[in-house]
Amino acid sequence: MRAWSRFWALRLWPADDRGITTTYSRLALTALGVRLPVVRVASLGVALVSLLALHLFLQRTYTGKAIRATVQDWEAASVMGIDIHRVYLLAFVLGAALAGVAGTLVSVGYSIVPTMGLEWTLIALIVMVLGGLGNIMGTFVGGIILGVTQSVTTFFIGGTYREVVGLVIFLLVLLLRPQGLFGAKEG
């Protein structure tokens, strides 16, 4: 089945690298002698708003609390009257919407290639482990740590070892602190 869908996908869409060029793609802000691309700053802003909205939704709404309860123990949530099938559907829709936001932000700043999913999935896994599974704010800080570390590595050593440094950090955190730098969020 997978080979058949790949066959049709390659017939319908070419496997060429693509990019989105906007009028503001080359604009940059200068702060303290550092040039910050407008696209990256705007992406950071959208990511922060999305992160805060998700955090508030999961912490302050009945539906968010139902999602968290279902994640922790679906049987107990079901006994408490939570429609777990509806919660699974809502969690999937929420995850798909956030993946769409992330894909849009990535597509504006990077080239779109058929094999780009694995690299971003690996980065997401490393960031989640750094921050601690289930800890949204810790995951954000883990992403900042990974991004800064990879940028510093690229600056001093070169871009060749950028992913290697991320994987080394991932392995060190798994060995020394398996619950993540900020630990898993309870309740």
# chains A, B, ... in the order shown; residues from 1 in each chain; ligands from 1
>>> residues_around(residues="A:Leu105", least_positions_apart="3", cutoff="12 Å", atoms="only C-alpha atoms", output="PyMOL selection string")
chain A and resi 20+39-47+50+98-102+108-112
>>> residues_around(residues="stretch 134-144 of chain A", least_positions_apart="5", cutoff="9 Å", atoms="only C-alpha atoms", output="PyMOL selection string")
chain A and resi 48+51-52+54-55+123-124+126-129+149+180-186
>>> select_by_dssp(residues="stretch 9-86 of chain A", states="strand (DSSP E or B)", output="list in words")
Arg18, Ala28, Leu29, Thr30, Ala31, Val34, Arg35, Leu36 and Pro37 of chain A
>>> write_last_selection(atoms="N, CA, C and O atoms", output="PDB file, in the first residue's frame")
ATOM      1  N   ARG A  18      11.513  22.707  -3.312  1.00  0.00           N
ATOM      2  CA  ARG A  18      10.672  23.880  -3.506  1.00  0.00           C
ATOM      3  C   ARG A  18      10.916  24.857  -2.372  1.00  0.00           C
ATOM      4  O   ARG A  18      11.379  24.491  -1.304  1.00  0.00           O
ATOM      5  N   ALA A  28      15.390  42.137   7.485  1.00  0.00           N
ATOM      6  CA  ALA A  28      15.993  41.771   8.765  1.00  0.00           C
ATOM      7  C   ALA A  28      15.949  42.962   9.704  1.00  0.00           C
ATOM      8  O   ALA A  28      16.010  44.118   9.276  1.00  0.00           O
ATOM      9  N   LEU A  29      15.839  42.659  10.977  1.00  0.00           N
ATOM     10  CA  LEU A  29      15.920  43.665  12.031  1.00  0.00           C
ATOM     11  C   LEU A  29      17.327  43.615  12.606  1.00  0.00           C
ATOM     12  O   LEU A  29      17.943  42.558  12.674  1.00  0.00           O
ATOM     13  N   THR A  30      17.836  44.763  13.020  1.00  0.00           N
ATOM     14  CA  THR A  30      19.162  44.795  13.625  1.00  0.00           C
ATOM     15  C   THR A  30      19.025  45.209  15.079  1.00  0.00           C
ATOM     16  O   THR A  30      18.465  46.264  15.384  1.00  0.00           O
ATOM     17  N   ALA A  31      19.495  44.355  15.972  1.00  0.00           N
ATOM     18  CA  ALA A  31      19.448  44.635  17.408  1.00  0.00           C
ATOM     19  C   ALA A  31      20.811  44.327  18.011  1.00  0.00           C
ATOM     20  O   ALA A  31      21.290  43.199  17.918  1.00  0.00           O
ATOM     21  N   VAL A  34      23.293  42.622  15.812  1.00  0.00           N
ATOM     22  CA  VAL A  34      22.942  41.288  15.332  1.00  0.00           C
ATOM     23  C   VAL A  34      21.758  41.422  14.385  1.00  0.00           C
ATOM     24  O   VAL A  34      20.748  42.041  14.729  1.00  0.00           O
ATOM     25  N   ARG A  35      21.894  40.830  13.187  1.00  0.00           N
ATOM     26  CA  ARG A  35      20.790  40.864  12.220  1.00  0.00           C
ATOM     27  C   ARG A  35      19.868  39.685  12.459  1.00  0.00           C
ATOM     28  O   ARG A  35      20.301  38.539  12.463  1.00  0.00           O
ATOM     29  N   LEU A  36      18.600  39.999  12.659  1.00  0.00           N
ATOM     30  CA  LEU A  36      17.588  38.976  12.903  1.00  0.00           C
ATOM     31  C   LEU A  36      16.599  38.984  11.739  1.00  0.00           C
ATOM     32  O   LEU A  36      15.917  39.986  11.527  1.00  0.00           O
ATOM     33  N   PRO A  37      16.517  37.889  10.979  1.00  0.00           N
ATOM     34  CA  PRO A  37      15.575  37.841   9.861  1.00  0.00           C
ATOM     35  C   PRO A  37      14.132  37.993  10.367  1.00  0.00           C
ATOM     36  O   PRO A  37      13.741  37.377  11.361  1.00  0.00           O
TER      37      PRO A  37
END
>>> atom_distance(atom1="atom CA of A:Thr160", atom2="atom CA of A:Gly19")
22.6 Å
>>> select_by_dssp(residues="chain A", states="helix (DSSP H, G or I)", output="ChimeraX atom specification")
/A:2-12,38-60,62-72,74-79,84-109,116-131,136-156,159-176
>>> closest_residue(among="A:Ala97, A:Leu133, A:Arg60, A:Ala66", to="A:Ile84", atoms="only C-alpha atoms")
A:Ala66
>>> residues_around(residues="A:Ala69", least_positions_apart="5", cutoff="12 Å", atoms="only C-alpha atoms", output="list in words")
Leu58, Gln59, Tyr62, Thr63, Gly64, Trp74, Glu75, Ala76, Ala77, Ser78, Val79, Met80, Gly81, Ile82, Asp83, Ile84, Val87, Tyr88, Glu186 and Gly187 of chain A
>>> closest_residue(among="A:Ile169, A:Leu94, A:Ile67, A:Val152", to="A:Leu130", atoms="only C-alpha atoms")
A:Ile169
>>> closest_residue(among="A:Ala91, A:Met116, A:Val106, A:Ala9", to="A:Lys65", atoms="only C-alpha atoms")
A:Ala91
>>> residues_around(residues="A:Arg162", least_positions_apart="2", cutoff="9 Å", atoms="only C-alpha atoms", output="PDB file with all heavy atoms, in the first residue's frame")
ATOM      1  N   THR A 149      22.668  25.631  20.944  1.00  0.00           N
ATOM      2  CA  THR A 149      23.819  24.724  20.886  1.00  0.00           C
ATOM      3  C   THR A 149      24.196  24.402  19.446  1.00  0.00           C
ATOM      4  O   THR A 149      25.379  24.432  19.086  1.00  0.00           O
ATOM      5  CB  THR A 149      23.517  23.422  21.652  1.00  0.00           C
ATOM      6  OG1 THR A 149      23.134  23.748  22.979  1.00  0.00           O
ATOM      7  CG2 THR A 149      24.726  22.512  21.681  1.00  0.00           C
ATOM      8  N   GLN A 150      23.211  24.121  18.605  1.00  0.00           N
ATOM      9  CA  GLN A 150      23.509  23.820  17.206  1.00  0.00           C
ATOM     10  C   GLN A 150      24.040  25.043  16.469  1.00  0.00           C
ATOM     11  O   GLN A 150      24.939  24.921  15.627  1.00  0.00           O
ATOM     12  CB  GLN A 150      22.273  23.265  16.507  1.00  0.00           C
ATOM     13  CG  GLN A 150      21.947  21.858  16.920  1.00  0.00           C
ATOM     14  CD  GLN A 150      20.792  21.267  16.137  1.00  0.00           C
ATOM     15  OE1 GLN A 150      19.965  21.964  15.571  1.00  0.00           O
ATOM     16  NE2 GLN A 150      20.733  19.938  16.103  1.00  0.00           N
ATOM     17  N   SER A 151      23.540  26.220  16.787  1.00  0.00           N
ATOM     18  CA  SER A 151      24.036  27.444  16.142  1.00  0.00           C
ATOM     19  C   SER A 151      25.471  27.738  16.554  1.00  0.00           C
ATOM     20  O   SER A 151      26.302  28.102  15.720  1.00  0.00           O
ATOM     21  CB  SER A 151      23.140  28.628  16.494  1.00  0.00           C
ATOM     22  OG  SER A 151      21.868  28.462  15.947  1.00  0.00           O
ATOM     23  N   VAL A 152      25.769  27.584  17.837  1.00  0.00           N
ATOM     24  CA  VAL A 152      27.138  27.816  18.315  1.00  0.00           C
ATOM     25  C   VAL A 152      28.086  26.791  17.690  1.00  0.00           C
ATOM     26  O   VAL A 152      29.200  27.125  17.278  1.00  0.00           O
ATOM     27  CB  VAL A 152      27.178  27.770  19.864  1.00  0.00           C
ATOM     28  CG1 VAL A 152      28.598  27.714  20.380  1.00  0.00           C
ATOM     29  CG2 VAL A 152      26.448  28.973  20.431  1.00  0.00           C
ATOM     30  N   THR A 153      27.635  25.546  17.595  1.00  0.00           N
ATOM     31  CA  THR A 153      28.452  24.509  16.962  1.00  0.00           C
ATOM     32  C   THR A 153      28.731  24.852  15.502  1.00  0.00           C
ATOM     33  O   THR A 153      29.864  24.724  15.035  1.00  0.00           O
ATOM     34  CB  THR A 153      27.743  23.142  17.049  1.00  0.00           C
ATOM     35  OG1 THR A 153      27.525  22.830  18.414  1.00  0.00           O
ATOM     36  CG2 THR A 153      28.568  22.052  16.401  1.00  0.00           C
ATOM     37  N   THR A 154      27.704  25.298  14.791  1.00  0.00           N
ATOM     38  CA  THR A 154      27.880  25.672  13.390  1.00  0.00           C
ATOM     39  C   THR A 154      28.858  26.829  13.262  1.00  0.00           C
ATOM     40  O   THR A 154      29.688  26.857  12.356  1.00  0.00           O
ATOM     41  CB  THR A 154      26.520  26.057  12.770  1.00  0.00           C
ATOM     42  OG1 THR A 154      25.639  24.949  12.887  1.00  0.00           O
ATOM     43  CG2 THR A 154      26.666  26.429  11.314  1.00  0.00           C
ATOM     44  N   ILE A 157      32.580  25.242  14.797  1.00  0.00           N
ATOM     45  CA  ILE A 157      33.123  24.022  14.205  1.00  0.00           C
ATOM     46  C   ILE A 157      32.744  23.885  12.736  1.00  0.00           C
ATOM     47  O   ILE A 157      33.504  23.380  11.935  1.00  0.00           O
ATOM     48  CB  ILE A 157      32.653  22.775  14.994  1.00  0.00           C
ATOM     49  CG1 ILE A 157      33.106  22.880  16.444  1.00  0.00           C
ATOM     50  CG2 ILE A 157      33.208  21.510  14.375  1.00  0.00           C
ATOM     51  CD1 ILE A 157      32.583  21.778  17.323  1.00  0.00           C
ATOM     52  N   GLY A 158      31.553  24.306  12.397  1.00  0.00           N
ATOM     53  CA  GLY A 158      31.049  24.146  11.034  1.00  0.00           C
ATOM     54  C   GLY A 158      29.747  23.372  11.051  1.00  0.00           C
ATOM     55  O   GLY A 158      29.413  22.681  12.017  1.00  0.00           O
ATOM     56  N   GLY A 159      28.983  23.484   9.978  1.00  0.00           N
ATOM     57  CA  GLY A 159      27.663  22.875   9.905  1.00  0.00           C
ATOM     58  C   GLY A 159      27.658  21.364   9.819  1.00  0.00           C
ATOM     59  O   GLY A 159      26.619  20.736   9.977  1.00  0.00           O
ATOM     60  N   THR A 160      28.823  20.763   9.572  1.00  0.00           N
ATOM     61  CA  THR A 160      28.888  19.317   9.412  1.00  0.00           C
ATOM     62  C   THR A 160      28.492  18.575  10.686  1.00  0.00           C
ATOM     63  O   THR A 160      27.848  17.537  10.629  1.00  0.00           O
ATOM     64  CB  THR A 160      30.326  18.902   9.021  1.00  0.00           C
ATOM     65  OG1 THR A 160      30.793  19.758   8.001  1.00  0.00           O
ATOM     66  CG2 THR A 160      30.357  17.469   8.542  1.00  0.00           C
ATOM     67  N   VAL A 164      25.124  16.068  14.847  1.00  0.00           N
ATOM     68  CA  VAL A 164      25.849  15.180  15.765  1.00  0.00           C
ATOM     69  C   VAL A 164      25.794  15.734  17.183  1.00  0.00           C
ATOM     70  O   VAL A 164      25.572  14.986  18.139  1.00  0.00           O
ATOM     71  CB  VAL A 164      27.305  14.988  15.296  1.00  0.00           C
ATOM     72  CG1 VAL A 164      28.117  14.215  16.321  1.00  0.00           C
ATOM     73  CG2 VAL A 164      27.339  14.294  13.952  1.00  0.00           C
ATOM     74  N   VAL A 165      25.970  17.037  17.323  1.00  0.00           N
ATOM     75  CA  VAL A 165      25.921  17.653  18.649  1.00  0.00           C
ATOM     76  C   VAL A 165      24.534  17.474  19.260  1.00  0.00           C
ATOM     77  O   VAL A 165      24.400  17.170  20.448  1.00  0.00           O
ATOM     78  CB  VAL A 165      26.312  19.147  18.567  1.00  0.00           C
ATOM     79  CG1 VAL A 165      26.006  19.870  19.860  1.00  0.00           C
ATOM     80  CG2 VAL A 165      27.777  19.273  18.233  1.00  0.00           C
ATOM     81  N   GLY A 166      23.480  17.627  18.457  1.00  0.00           N
ATOM     82  CA  GLY A 166      22.124  17.410  18.949  1.00  0.00           C
ATOM     83  C   GLY A 166      21.921  15.988  19.437  1.00  0.00           C
ATOM     84  O   GLY A 166      21.312  15.746  20.483  1.00  0.00           O
TER      85      GLY A 166
END
